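Undergrad: My structure is in protein-v5.txt, and what it holds is compact mmCIF, C-alpha atoms and all ligand atoms:
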# COMPACT_ATOMS: atom_id res chain seq x y z
CA MET A 1 -52.52 6.25 -11.53
CA THR A 2 -50.73 4.90 -8.49
CA ILE A 3 -51.30 1.27 -7.65
CA THR A 4 -51.76 0.31 -4.04
CA PRO A 5 -49.03 -2.17 -3.06
CA PRO A 6 -51.49 -4.95 -2.06
CA ALA A 7 -52.77 -5.07 -5.64
CA LEU A 8 -49.36 -6.08 -6.88
CA SER A 9 -48.02 -7.96 -3.89
CA VAL A 10 -48.78 -11.54 -5.00
CA PHE A 11 -46.93 -10.92 -8.27
CA GLU A 12 -43.95 -9.57 -6.39
CA THR A 13 -43.80 -12.21 -3.72
CA LEU A 14 -44.84 -15.34 -5.62
CA GLU A 15 -44.08 -14.79 -9.27
CA SER A 16 -40.52 -15.29 -10.46
CA GLU A 17 -38.04 -12.47 -10.91
CA VAL A 18 -38.09 -13.33 -14.61
CA ARG A 19 -41.26 -11.27 -15.13
CA SER A 20 -40.68 -8.19 -17.26
CA TYR A 21 -43.59 -6.29 -18.84
CA CYS A 22 -45.38 -5.93 -15.51
CA ARG A 23 -42.40 -4.05 -14.12
CA ASN A 24 -42.79 -1.28 -16.71
CA TRP A 25 -46.58 -1.29 -16.62
CA PRO A 26 -47.48 -1.50 -12.91
CA ALA A 27 -51.24 -1.99 -13.30
CA VAL A 28 -53.46 -5.04 -12.90
CA PHE A 29 -55.24 -5.37 -16.24
CA ASP A 30 -58.74 -6.72 -16.24
CA ARG A 31 -60.60 -6.20 -19.53
CA ALA A 32 -59.81 -5.21 -23.08
CA GLN A 33 -61.68 -4.42 -26.26
CA GLY A 34 -60.24 -3.42 -29.62
CA ALA A 35 -57.27 -1.13 -29.05
CA ARG A 36 -58.02 -0.41 -25.38
CA LEU A 37 -57.27 -2.17 -22.10
CA THR A 38 -58.80 -1.37 -18.73
CA ASP A 39 -57.17 -2.04 -15.38
CA GLU A 40 -58.96 -3.12 -12.22
CA ASP A 41 -59.10 0.49 -11.03
CA GLY A 42 -60.95 1.55 -14.16
CA HIS A 43 -58.04 3.32 -15.91
CA THR A 44 -57.96 2.79 -19.66
CA TYR A 45 -54.88 2.41 -21.84
CA LEU A 46 -54.53 2.70 -25.58
CA ASP A 47 -52.60 -0.22 -26.99
CA PHE A 48 -49.52 0.41 -29.15
CA PHE A 49 -48.19 -3.03 -28.24
CA ALA A 50 -50.81 -5.51 -29.46
CA GLY A 51 -49.58 -8.45 -27.40
CA ALA A 52 -46.12 -8.16 -29.00
CA GLY A 53 -47.81 -8.74 -32.36
CA SER A 54 -50.29 -11.42 -31.25
CA LEU A 55 -53.32 -9.12 -31.34
CA ASN A 56 -53.26 -7.71 -34.86
CA TYR A 57 -57.06 -7.65 -34.90
CA GLY A 58 -57.37 -6.07 -31.45
CA HIS A 59 -58.54 -7.48 -28.13
CA ASN A 60 -61.65 -9.66 -28.03
CA ASN A 61 -62.43 -8.98 -31.67
CA PRO A 62 -66.23 -9.49 -31.89
CA VAL A 63 -66.06 -11.63 -35.05
CA MET A 64 -63.68 -14.14 -33.48
CA LYS A 65 -65.31 -13.94 -30.06
CA ARG A 66 -68.67 -14.96 -31.56
CA ALA A 67 -67.12 -17.87 -33.45
CA LEU A 68 -65.28 -19.02 -30.31
CA ILE A 69 -68.31 -18.79 -28.02
CA ASP A 70 -70.46 -20.71 -30.52
CA TYR A 71 -67.77 -23.38 -30.86
CA ILE A 72 -67.34 -23.83 -27.11
CA GLU A 73 -71.11 -23.84 -26.52
CA ARG A 74 -71.62 -26.68 -28.94
CA ASP A 75 -68.85 -28.68 -27.21
CA GLY A 76 -66.46 -28.49 -30.15
CA ILE A 77 -63.17 -30.33 -29.71
CA THR A 78 -60.72 -28.29 -27.60
CA HIS A 79 -57.64 -30.48 -27.52
CA GLY A 80 -56.90 -32.60 -30.55
CA LEU A 81 -53.15 -33.31 -30.94
CA ASP A 82 -52.96 -33.83 -34.70
CA MET A 83 -56.24 -35.67 -35.07
CA ALA A 84 -58.44 -34.61 -37.98
CA THR A 85 -61.15 -32.27 -36.66
CA THR A 86 -63.79 -30.13 -38.29
CA ALA A 87 -62.15 -27.02 -36.85
CA LYS A 88 -58.76 -27.90 -38.31
CA ARG A 89 -60.30 -28.76 -41.68
CA ALA A 90 -62.10 -25.41 -41.80
CA PHE A 91 -58.84 -23.62 -40.97
CA LEU A 92 -56.82 -25.47 -43.60
CA GLU A 93 -59.45 -24.77 -46.26
CA SER A 94 -59.65 -21.10 -45.33
CA PHE A 95 -55.86 -20.76 -45.25
CA GLN A 96 -55.65 -22.33 -48.68
CA ASN A 97 -58.46 -20.21 -50.17
CA ASN A 98 -57.67 -16.86 -48.56
CA VAL A 99 -53.88 -16.96 -48.21
CA LEU A 100 -51.99 -19.61 -50.19
CA ARG A 101 -53.94 -19.92 -53.44
CA PRO A 102 -54.38 -16.19 -54.19
CA ARG A 103 -50.62 -15.77 -53.75
CA ASP A 104 -49.79 -18.88 -55.73
CA LEU A 105 -47.82 -20.26 -52.79
CA PRO A 106 -47.32 -24.03 -52.90
CA TYR A 107 -46.71 -24.60 -49.19
CA LYS A 108 -47.59 -27.60 -47.10
CA VAL A 109 -48.71 -26.79 -43.57
CA MET A 110 -47.22 -28.25 -40.41
CA PHE A 111 -48.63 -27.60 -36.93
CA PRO A 112 -45.78 -27.68 -34.40
CA GLY A 113 -46.29 -26.83 -30.71
CA PRO A 114 -48.28 -23.61 -30.40
CA THR A 115 -45.56 -20.99 -29.77
CA GLY A 116 -43.31 -19.14 -32.17
CA THR A 117 -40.16 -20.84 -31.01
CA ASN A 118 -41.78 -24.25 -31.65
CA ALA A 119 -42.21 -23.26 -35.31
CA VAL A 120 -38.61 -22.03 -35.53
CA GLU A 121 -37.30 -25.28 -34.02
CA ALA A 122 -39.33 -27.26 -36.56
CA ALA A 123 -37.99 -25.12 -39.42
CA LEU A 124 -34.36 -25.53 -38.34
CA LYS A 125 -34.77 -29.26 -37.78
CA LEU A 126 -36.36 -29.75 -41.19
CA ALA A 127 -33.70 -27.69 -42.99
CA ARG A 128 -30.94 -29.75 -41.35
CA LYS A 129 -32.69 -33.00 -42.19
CA VAL A 130 -33.25 -32.03 -45.83
CA LYS A 131 -29.73 -30.77 -46.46
CA GLY A 132 -27.87 -33.16 -44.15
CA ARG A 133 -25.87 -30.22 -42.75
CA GLU A 134 -25.79 -28.64 -39.29
CA SER A 135 -24.88 -25.03 -39.82
CA ILE A 136 -27.50 -22.27 -40.06
CA VAL A 137 -26.78 -18.66 -40.97
CA SER A 138 -28.69 -15.97 -39.10
CA PHE A 139 -28.32 -12.20 -38.94
CA THR A 140 -27.04 -9.62 -36.50
CA ASN A 141 -29.79 -8.48 -34.11
CA ALA A 142 -32.06 -11.36 -35.09
CA PHE A 143 -34.61 -12.71 -32.63
CA HIS A 144 -36.11 -16.15 -33.19
CA GLY A 145 -37.20 -17.35 -29.74
CA MET A 146 -35.97 -18.61 -26.38
CA SER A 147 -35.57 -22.37 -26.81
CA LEU A 148 -32.01 -23.54 -27.45
CA GLY A 149 -32.18 -23.99 -31.23
CA SER A 150 -33.85 -20.60 -31.69
CA LEU A 151 -31.44 -18.91 -29.26
CA ALA A 152 -28.51 -20.23 -31.28
CA VAL A 153 -29.71 -18.11 -34.22
CA THR A 154 -30.63 -15.11 -32.05
CA GLY A 155 -28.26 -12.14 -31.64
CA ASN A 156 -29.01 -10.62 -28.23
CA ALA A 157 -26.13 -11.38 -25.83
CA PHE A 158 -28.26 -11.21 -22.65
CA LYS A 159 -30.80 -13.68 -24.02
CA ARG A 160 -28.09 -15.97 -25.38
CA ALA A 161 -26.27 -16.03 -22.06
CA GLY A 162 -29.42 -17.42 -20.43
CA ALA A 163 -28.93 -20.67 -22.36
CA GLY A 164 -26.23 -21.76 -19.92
CA ILE A 165 -24.60 -24.02 -22.53
CA PRO A 166 -22.71 -23.25 -25.73
CA LEU A 167 -25.02 -22.24 -28.56
CA VAL A 168 -23.61 -23.93 -31.60
CA HIS A 169 -24.12 -24.47 -35.33
CA GLY A 170 -25.22 -20.90 -35.99
CA THR A 171 -23.20 -18.25 -37.82
CA PRO A 172 -24.23 -14.58 -37.74
CA MET A 173 -23.90 -12.40 -40.86
CA PRO A 174 -24.53 -8.64 -41.17
CA PHE A 175 -28.20 -7.74 -41.61
CA ASP A 176 -29.16 -5.15 -44.19
CA ASN A 177 -27.40 -1.84 -43.53
CA TYR A 178 -25.52 -3.23 -40.50
CA LEU A 179 -22.34 -1.74 -41.95
CA ASP A 180 -24.10 1.54 -42.87
CA GLY A 181 -23.98 0.79 -46.59
CA ARG A 182 -20.16 0.94 -46.61
CA VAL A 183 -19.82 -2.64 -47.84
CA PRO A 184 -21.68 -4.11 -50.83
CA ASP A 185 -24.52 -6.42 -49.76
CA PHE A 186 -23.43 -10.00 -49.03
CA LEU A 187 -19.79 -9.37 -49.93
CA TRP A 188 -18.58 -11.03 -46.72
CA PHE A 189 -21.10 -13.89 -46.82
CA GLU A 190 -20.44 -14.73 -50.46
CA ARG A 191 -16.68 -14.59 -49.92
CA LEU A 192 -16.86 -17.01 -46.99
CA LEU A 193 -18.97 -19.39 -49.03
CA GLU A 194 -16.61 -19.51 -51.99
CA ASP A 195 -13.29 -19.47 -50.12
CA GLN A 196 -12.18 -22.99 -49.17
CA GLY A 197 -10.02 -21.42 -46.47
CA SER A 198 -12.78 -19.39 -44.79
CA GLY A 199 -13.62 -21.95 -42.13
CA LEU A 200 -17.36 -21.58 -42.70
CA ASN A 201 -19.20 -24.89 -42.54
CA LYS A 202 -21.55 -25.05 -45.50
CA PRO A 203 -24.93 -23.89 -44.15
CA ALA A 204 -28.15 -25.89 -44.51
CA ALA A 205 -30.21 -22.72 -44.41
CA VAL A 206 -30.38 -19.01 -43.78
CA ILE A 207 -33.01 -17.67 -41.38
CA VAL A 208 -34.14 -14.06 -41.63
CA GLU A 209 -36.79 -11.60 -40.46
CA THR A 210 -37.79 -9.07 -43.14
CA VAL A 211 -38.20 -6.50 -40.36
CA GLN A 212 -36.38 -7.26 -37.13
CA GLY A 213 -39.00 -6.62 -34.44
CA GLU A 214 -37.11 -7.33 -31.23
CA GLY A 215 -33.81 -6.28 -32.80
CA GLY A 216 -34.84 -2.62 -33.13
CA ILE A 217 -37.25 -2.39 -36.12
CA ASN A 218 -34.54 -2.89 -38.69
CA VAL A 219 -36.19 -2.99 -42.10
CA ALA A 220 -34.56 -5.07 -44.83
CA ARG A 221 -34.85 -3.48 -48.28
CA PRO A 222 -36.72 -5.58 -50.87
CA GLU A 223 -33.60 -5.65 -53.08
CA TRP A 224 -31.54 -6.98 -50.17
CA LEU A 225 -34.10 -9.76 -49.61
CA ARG A 226 -34.11 -10.60 -53.33
CA ALA A 227 -30.33 -10.79 -53.35
CA LEU A 228 -30.45 -13.06 -50.28
CA SER A 229 -33.00 -15.32 -51.93
CA ASP A 230 -30.84 -15.49 -55.05
CA LEU A 231 -27.72 -16.25 -52.99
CA CYS A 232 -29.53 -19.10 -51.22
CA ARG A 233 -30.58 -20.64 -54.55
CA ARG A 234 -27.12 -20.32 -56.06
CA ARG A 235 -25.40 -21.76 -53.02
CA ASP A 236 -27.87 -24.56 -52.30
CA MET A 237 -29.06 -23.19 -48.95
CA LEU A 238 -32.70 -23.11 -47.88
CA LEU A 239 -34.22 -19.72 -47.14
CA ILE A 240 -36.33 -19.57 -43.97
CA VAL A 241 -38.36 -16.40 -43.39
CA ASP A 242 -39.40 -16.05 -39.78
CA ASP A 243 -42.71 -14.19 -40.18
CA ILE A 244 -43.84 -14.80 -36.61
CA GLN A 245 -44.00 -11.11 -35.73
CA MET A 246 -44.14 -9.45 -39.16
CA GLY A 247 -46.58 -11.86 -40.84
CA CYS A 248 -50.39 -11.84 -40.67
CA GLY A 249 -50.54 -8.38 -42.23
CA ARG A 250 -48.25 -6.45 -39.89
CA THR A 251 -46.29 -4.86 -42.74
CA GLY A 252 -49.31 -4.61 -45.09
CA ALA A 253 -49.45 -7.79 -47.17
CA PHE A 254 -50.33 -11.04 -45.37
CA PHE A 255 -46.71 -12.23 -45.60
CA SER A 256 -44.02 -9.63 -45.05
CA PHE A 257 -41.87 -11.05 -47.88
CA GLU A 258 -44.53 -10.47 -50.56
CA GLU A 259 -43.31 -6.93 -51.20
CA ALA A 260 -39.90 -8.31 -52.22
CA GLY A 261 -41.49 -10.83 -54.58
CA ILE A 262 -39.59 -13.79 -53.11
CA THR A 263 -40.84 -17.28 -52.22
CA PRO A 264 -38.94 -18.62 -49.19
CA ASP A 265 -38.49 -22.38 -48.90
CA ILE A 266 -39.75 -22.38 -45.30
CA VAL A 267 -41.91 -19.83 -43.45
CA THR A 268 -42.75 -19.67 -39.75
CA LEU A 269 -45.96 -18.04 -38.52
CA SER A 270 -47.39 -17.67 -35.02
CA LYS A 271 -48.49 -14.71 -32.85
CA SER A 272 -51.46 -13.31 -34.83
CA ILE A 273 -52.28 -16.39 -36.89
CA SER A 274 -55.02 -17.38 -34.38
CA GLY A 275 -56.29 -13.80 -34.55
CA TYR A 276 -57.41 -13.80 -30.94
CA GLY A 277 -54.23 -14.13 -28.94
CA LEU A 278 -54.65 -17.90 -28.58
CA PRO A 279 -51.48 -19.99 -28.92
CA MET A 280 -50.99 -21.40 -32.42
CA SER A 281 -48.10 -21.68 -34.82
CA LEU A 282 -47.40 -22.95 -38.31
CA CYS A 283 -44.35 -24.06 -40.20
CA LEU A 284 -44.90 -23.83 -43.97
CA PHE A 285 -42.62 -25.39 -46.57
CA THR A 286 -42.52 -26.30 -50.23
CA PRO A 287 -43.83 -29.85 -50.85
CA GLU A 288 -40.50 -31.40 -51.86
CA LEU A 289 -39.12 -30.55 -48.40
CA ASP A 290 -41.83 -32.58 -46.68
CA ILE A 291 -39.63 -35.53 -45.77
CA TRP A 292 -40.85 -35.82 -42.17
CA GLY A 293 -41.68 -39.29 -40.90
CA PRO A 294 -45.02 -39.56 -39.03
CA GLY A 295 -44.58 -38.16 -35.51
CA GLU A 296 -40.90 -37.33 -36.09
CA HIS A 297 -41.65 -33.87 -34.71
CA ASN A 298 -44.68 -33.34 -32.49
CA GLY A 299 -46.09 -31.47 -29.51
CA THR A 300 -49.01 -32.08 -27.14
CA PHE A 301 -50.65 -28.73 -27.79
CA ARG A 302 -50.30 -28.58 -31.57
CA GLY A 303 -54.00 -29.20 -31.98
CA ASN A 304 -55.35 -26.10 -30.20
CA ASN A 305 -58.74 -26.24 -31.91
CA PRO A 306 -60.26 -23.06 -30.40
CA ALA A 307 -57.30 -21.25 -32.00
CA PHE A 308 -58.16 -22.86 -35.35
CA VAL A 309 -61.71 -21.55 -34.99
CA THR A 310 -60.63 -17.96 -34.34
CA ALA A 311 -57.92 -18.20 -37.01
CA THR A 312 -60.52 -19.24 -39.58
CA ALA A 313 -62.82 -16.41 -38.53
CA ALA A 314 -59.92 -13.93 -38.84
CA LEU A 315 -58.91 -15.12 -42.31
CA ASP A 316 -62.49 -15.11 -43.58
CA ALA A 317 -63.23 -11.68 -42.12
CA TYR A 318 -60.02 -9.85 -43.02
CA TRP A 319 -58.19 -11.67 -45.82
CA ALA A 320 -60.84 -12.60 -48.36
CA ASP A 321 -60.01 -9.38 -50.25
CA GLY A 322 -57.23 -6.77 -50.32
CA GLN A 323 -58.87 -4.29 -47.94
CA MET A 324 -56.77 -5.09 -44.88
CA GLU A 325 -53.52 -4.49 -46.72
CA LYS A 326 -54.71 -1.13 -48.08
CA GLN A 327 -55.94 -0.03 -44.66
CA THR A 328 -52.65 -0.98 -42.97
CA LEU A 329 -50.61 0.94 -45.51
CA ALA A 330 -52.85 4.01 -45.08
CA ARG A 331 -52.56 3.88 -41.28
CA GLY A 332 -48.80 3.46 -41.69
CA GLU A 333 -48.64 6.74 -43.61
CA GLN A 334 -50.46 8.41 -40.72
CA ILE A 335 -47.73 7.17 -38.35
CA GLU A 336 -44.93 8.15 -40.71
CA GLN A 337 -46.13 11.77 -40.86
CA THR A 338 -46.18 12.07 -37.07
CA LEU A 339 -42.80 10.43 -36.60
CA LEU A 340 -41.33 12.78 -39.19
CA ALA A 341 -42.57 15.72 -37.11
CA ILE A 342 -41.35 14.20 -33.81
CA CYS A 343 -37.88 13.51 -35.19
CA ASP A 344 -37.66 17.00 -36.73
CA GLU A 345 -38.60 18.56 -33.40
CA HIS A 346 -36.15 16.41 -31.44
CA ALA A 347 -33.22 16.16 -33.83
CA GLY A 348 -31.01 17.15 -30.87
CA LEU A 349 -31.83 13.82 -29.18
CA GLY A 350 -30.61 11.95 -32.24
CA ALA A 351 -34.18 10.76 -32.89
CA ARG A 352 -34.48 8.69 -36.11
CA PHE A 353 -37.39 6.58 -37.28
CA ARG A 354 -38.04 3.65 -39.58
CA GLY A 355 -40.77 1.12 -40.30
CA ARG A 356 -43.25 -0.43 -42.72
CA GLY A 357 -47.00 -0.94 -42.58
CA LEU A 358 -47.97 -0.79 -38.90
CA VAL A 359 -44.60 -1.48 -37.31
CA TRP A 360 -42.41 1.53 -36.61
CA GLY A 361 -39.49 2.40 -34.39
CA VAL A 362 -38.02 5.67 -33.16
CA GLU A 363 -34.39 5.33 -32.16
CA PHE A 364 -32.75 7.62 -29.60
CA THR A 365 -29.04 8.05 -29.05
CA ASP A 366 -29.52 7.56 -25.31
CA PRO A 367 -31.39 4.33 -24.42
CA ALA A 368 -32.52 5.93 -21.14
CA ARG A 369 -34.52 8.39 -23.22
CA ALA A 370 -36.49 5.61 -24.92
CA ALA A 371 -37.26 4.05 -21.51
CA ALA A 372 -38.33 7.41 -20.07
CA ILE A 373 -40.66 8.04 -23.02
CA CYS A 374 -42.35 4.66 -22.60
CA ALA A 375 -42.71 5.24 -18.85
CA ARG A 376 -44.26 8.68 -19.40
CA ALA A 377 -46.53 7.26 -22.13
CA PHE A 378 -47.79 4.69 -19.62
CA GLU A 379 -48.62 7.45 -17.14
CA LEU A 380 -50.52 9.18 -19.94
CA GLY A 381 -52.43 6.00 -20.75
CA LEU A 382 -50.49 4.56 -23.69
CA LEU A 383 -48.88 1.10 -23.74
CA ILE A 384 -45.74 1.19 -25.83
CA GLU A 385 -42.50 -0.75 -25.39
CA THR A 386 -38.86 -0.49 -26.41
CA SER A 387 -36.79 -2.80 -28.58
CA GLY A 388 -33.24 -3.01 -29.92
CA PRO A 389 -30.00 -4.34 -28.44
CA GLN A 390 -29.86 -1.51 -25.87
CA SER A 391 -33.64 -0.98 -25.71
CA GLU A 392 -32.92 2.29 -27.49
CA VAL A 393 -35.88 2.12 -29.87
CA VAL A 394 -39.46 3.08 -29.02
CA LYS A 395 -41.52 0.49 -30.86
CA LEU A 396 -44.98 1.27 -32.27
CA LEU A 397 -47.06 -1.87 -32.82
CA PRO A 398 -50.76 -0.94 -32.68
CA PRO A 399 -53.50 -3.39 -33.66
CA LEU A 400 -54.12 -3.34 -37.43
CA THR A 401 -57.78 -2.66 -36.66
CA ILE A 402 -57.07 0.55 -34.73
CA THR A 403 -59.25 3.44 -35.97
CA PRO A 404 -57.64 6.58 -37.43
CA ASP A 405 -58.92 8.55 -34.41
CA GLU A 406 -57.41 6.12 -31.92
CA LEU A 407 -54.16 6.12 -33.84
CA ASP A 408 -54.14 9.90 -33.83
CA GLU A 409 -54.80 9.94 -30.07
CA GLY A 410 -51.93 7.53 -29.42
CA LEU A 411 -49.55 9.46 -31.64
CA ARG A 412 -50.42 12.71 -29.87
CA THR A 413 -49.75 11.01 -26.52
CA LEU A 414 -46.43 9.72 -27.81
CA ALA A 415 -45.44 13.19 -29.08
CA ARG A 416 -46.34 14.60 -25.66
CA ALA A 417 -44.32 11.92 -23.85
CA VAL A 418 -41.28 12.72 -26.03
CA ARG A 419 -41.67 16.44 -25.40
CA GLU A 420 -42.11 16.03 -21.65
CA THR A 421 -39.03 13.85 -21.26
CA ALA A 422 -36.77 15.89 -23.55
C1 LIG B 501 -39.48 -13.08 -35.18
C2 LIG B 501 -39.80 -13.91 -33.99
N1 LIG B 501 -39.55 -15.22 -34.00
C3 LIG B 501 -39.83 -16.01 -32.96
C4 LIG B 501 -40.39 -15.49 -31.80
C5 LIG B 501 -40.67 -16.39 -30.63
O1 LIG B 501 -42.04 -16.56 -30.45
P1 LIG B 501 -42.56 -17.14 -29.05
O2 LIG B 501 -42.27 -16.11 -28.02
O3 LIG B 501 -44.04 -17.34 -29.25
O4 LIG B 501 -41.85 -18.41 -28.82
C6 LIG B 501 -40.66 -14.11 -31.74
C7 LIG B 501 -41.22 -13.52 -30.51
O5 LIG B 501 -41.20 -12.33 -30.28
C8 LIG B 501 -40.36 -13.30 -32.86
O6 LIG B 501 -40.59 -11.99 -32.84
For the structure just supplied, provide its representation as structure tokens.

TA:
Amino acid sequence: MTITPPALSVFETLESEVRSYCRNWPAVFDRAQGARLTDEDGHTYLDFFAGAGSLNYGHNNPVMKRALIDYIERDGITHGLDMATTAKRAFLESFQNNVLRPRDLPYKVMFPGPTGTNAVEAALKLARKVKGRESIVSFTNAFHGMSLGSLAVTGNAFKRAGAGIPLVHGTPMPFDNYLDGRVPDFLWFERLLEDQGSGLNKPAAVIVETVQGEGGINVARPEWLRALSDLCRRRDMLLIVDDIQMGCGRTGAFFSFEEAGITPDIVTLSKSISGYGLPMSLCLFTPELDIWGPGEHNGTFRGNNPAFVTATAALDAYWADGQMEKQTLARGEQIEQTLLAICDEHAGLGARFRGRGLVWGVEFTDPARAAAICARAFELGLLIETSGPQSEVVKLLPPLTITPDELDEGLRTLARAVRETA
């Protein structure tokens, strides 16, 4: 699977040094269908990456592809800012009928710019406007995006340093189990809030991921999330759940916070909401928070109508009943069994695993081991990446629509990659 240098030369000479995935996966990808990608030399790769969570329904899902082709062929609106369009109306109605109403969620829907970080910026801005306070609490190892507001509530030192200016008005608190269970949950946070001498500016909001995807697949327990929600209510802080990576069914239920039985004040969604890998994001909030003035927050590409078309098709096809959730949980058990066996076999490498639904991580004591496993997996035809502050976690993120056989094949490849690099 060696790539001839000319095939990659334009990327190396013209494209910025900032590129990253292509360094670990030196192939020129050409086509993809379901859970498989094909490069220009005809090699196929099984996908345990799913566009970093943007392809929950696989590549070129036929249901969405049909809807998109039909829409384009009839000259449907492509670019619409926030004008009312038939495509946006169909999406809003489907979102209400398939997602919000069955869950009794009262949210209003805002369309910010089409990336995840646009939704996070909107959420932070709204929380500050509503509460009239600047400070936001985030958690250790959080990742919320690369624009300045999102970076200020992100943990990773390398990413933060890229800002080039001080990142202010964010205060990190320990995520669930950060202190290995040695300290009661929220002891430190609660103490700072009640102590007039603590120096903590009263926060407008707390932003949290229920499972930290980029931070190393750290799974918050439902009871920890409930306690956080309760703390926010008691202390007059808004609770923002960033469901950009873990929403749209990744952990089983449509929203990752459903398992905990909480209703956040603000929710951000992006990545797989369009269902097809097209840029789209949403900021959801309870109606009383909707104090925006017209155009107070906007973005040229917030009306990406082809994304609304595929999003509607995805919701109608996969979320009209509870099948998707059941299937994801069943596939998750299949992964759990394999990871149990891998970690038993390689206890000497300090291998430990964790996850929910179809997001799992295997942590290794030595970060170089995780990198070597992903590199070997690539040679064996499996796309899988690392996460965590030292990239010490091998992160499994297959499409939710992967078949049991494909999943089994990928897990066997992963087990082989671990064995061959041990
Ligand atoms: C939880 C979370 N929030 C925000 C973002 C940022 O999304 P985007 O890269 O589309 O700006 C990501 C991206 O990985 C994410 O995982």

Undergrad: Within 8 Å of (-60.8, 1.2, -32.3), all atoms listed in the file: residues as a list in words?

TA: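 Using all atoms listed in the file, the matching residues come out as Gly34, Ala35, Arg36, Thr401, Ile402, Thr403, Asp405 and Glu406 of chain A.
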
Undergrad: So that all listed atoms of ligand LIG 501 (chain B) fit with 6 Å spare on each side, what axis-aligned box centre and edge lengths in Å, to one decimal, would you give as lines of an AutoDock Vina configuration file?

TA:
center_x = -41.8
center_y = -15.2
center_z = -31.6
size_x = 16.6
size_y = 18.4
size_z = 19.2

Undergrad: One decimal, in Å: what's the spacing between CA of Leu228 (chain A) and CA of Phe189 (chain A)?

TA: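 Those two atoms sit 10.0 Å apart.
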
Undergrad: Give the residue list for ligand LIG 501 (chain B) at 6 Å, counting all atoms listed in the file, as a count of residues only, sorted by chain and then by residue number.

TA: 10

Undergrad: Here is a test: counting only C-alpha atoms, which residue of A:Arg235, A:Tyr178, A:Thr210, A:Ala67 is nearest to Glu190 (chain A)?

TA: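 Looking at the shortest contact to Glu190 (chain A), the residue is A:Arg235.
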
Undergrad: Would you give me, as a Markdown table, each residue of region 247-364 of chain A having an atom within 6 Å of an atom of region 388-400 of chain A, along with its shortest atom pair and that distance in Å to one decimal, using all atoms listed in the file and sorting by chain and residue number?

TA:
| residue | atom | partner | partner_atom | distance |
| --- | --- | --- | --- | --- |
| A:Val359 | CA | A:Leu397 | CA | 5.1 |
| A:Trp360 | CA | A:Leu396 | CA | 5.1 |
| A:Gly361 | CA | A:Lys395 | CA | 4.5 |
| A:Val362 | CA | A:Val394 | CA | 5.1 |
| A:Glu363 | CA | A:Val393 | CA | 4.2 |
| A:Phe364 | CA | A:Glu392 | CA | 5.7 |

Undergrad: Which distance in Å separates CA of Thr44 (chain A) and CA of Arg31 (chain A), to one decimal?

TA: 9.4 Å

Undergrad: Counting all atoms listed in the file, find the residues whose atoms lie at most 7 Å from (-59.3, -27.6, -32.1) (file coordinates) and write them out as a list in words.

TA: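 Final list of nearby residues, as requested, is Ile77, Thr78, His79, Gly80, Thr85, Ala87, Lys88, Gly303, Asn304, Asn305, Pro306, Ala307 and Phe308 of chain A.
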
Undergrad: Take the selection from the previous step and output its residues with C-alpha atoms, as a PDB file, keeping the file's coordinate frame.

TA:
ATOM      1  CA  ILE A  77     -63.170 -30.330 -29.710  1.00  0.00           C
ATOM      2  CA  THR A  78     -60.720 -28.290 -27.600  1.00  0.00           C
ATOM      3  CA  HIS A  79     -57.640 -30.480 -27.520  1.00  0.00           C
ATOM      4  CA  GLY A  80     -56.900 -32.600 -30.550  1.00  0.00           C
ATOM      5  CA  THR A  85     -61.150 -32.270 -36.660  1.00  0.00           C
ATOM      6  CA  ALA A  87     -62.150 -27.020 -36.850  1.00  0.00           C
ATOM      7  CA  LYS A  88     -58.760 -27.900 -38.310  1.00  0.00           C
ATOM      8  CA  GLY A 303     -54.000 -29.200 -31.980  1.00  0.00           C
ATOM      9  CA  ASN A 304     -55.350 -26.100 -30.200  1.00  0.00           C
ATOM     10  CA  ASN A 305     -58.740 -26.240 -31.910  1.00  0.00           C
ATOM     11  CA  PRO A 306     -60.260 -23.060 -30.400  1.00  0.00           C
ATOM     12  CA  ALA A 307     -57.300 -21.250 -32.000  1.00  0.00           C
ATOM     13  CA  PHE A 308     -58.160 -22.860 -35.350  1.00  0.00           C
TER      14      PHE A 308
END

Undergrad: I'd like the neighbourhood of region 162-164 of chain A as a VMD selection string, where a residue qualifies if any of its atoms comes within 12 Å (using only C-alpha atoms), though same-chain residues fewer than 3 positions away should be ignored.

TA: chain A and resid 18 145 to 152 154 156 to 159 167 to 168

Undergrad: Between CA of Leu382 (chain A) and CA of Pro114 (chain A), what distance in Å does the model show, to one decimal?

TA: 29.0 Å

Undergrad: Considering all atoms listed in the file, return as a PyMOL selection string whatever protein or nucleic-acid residues lie within 10 Å of Leu358 (chain A), sequence-local ones (same chain, fewer than 3 positions apart) excluded.

TA: chain A and resi 48+56+246+249-252+327-336+355+396-400
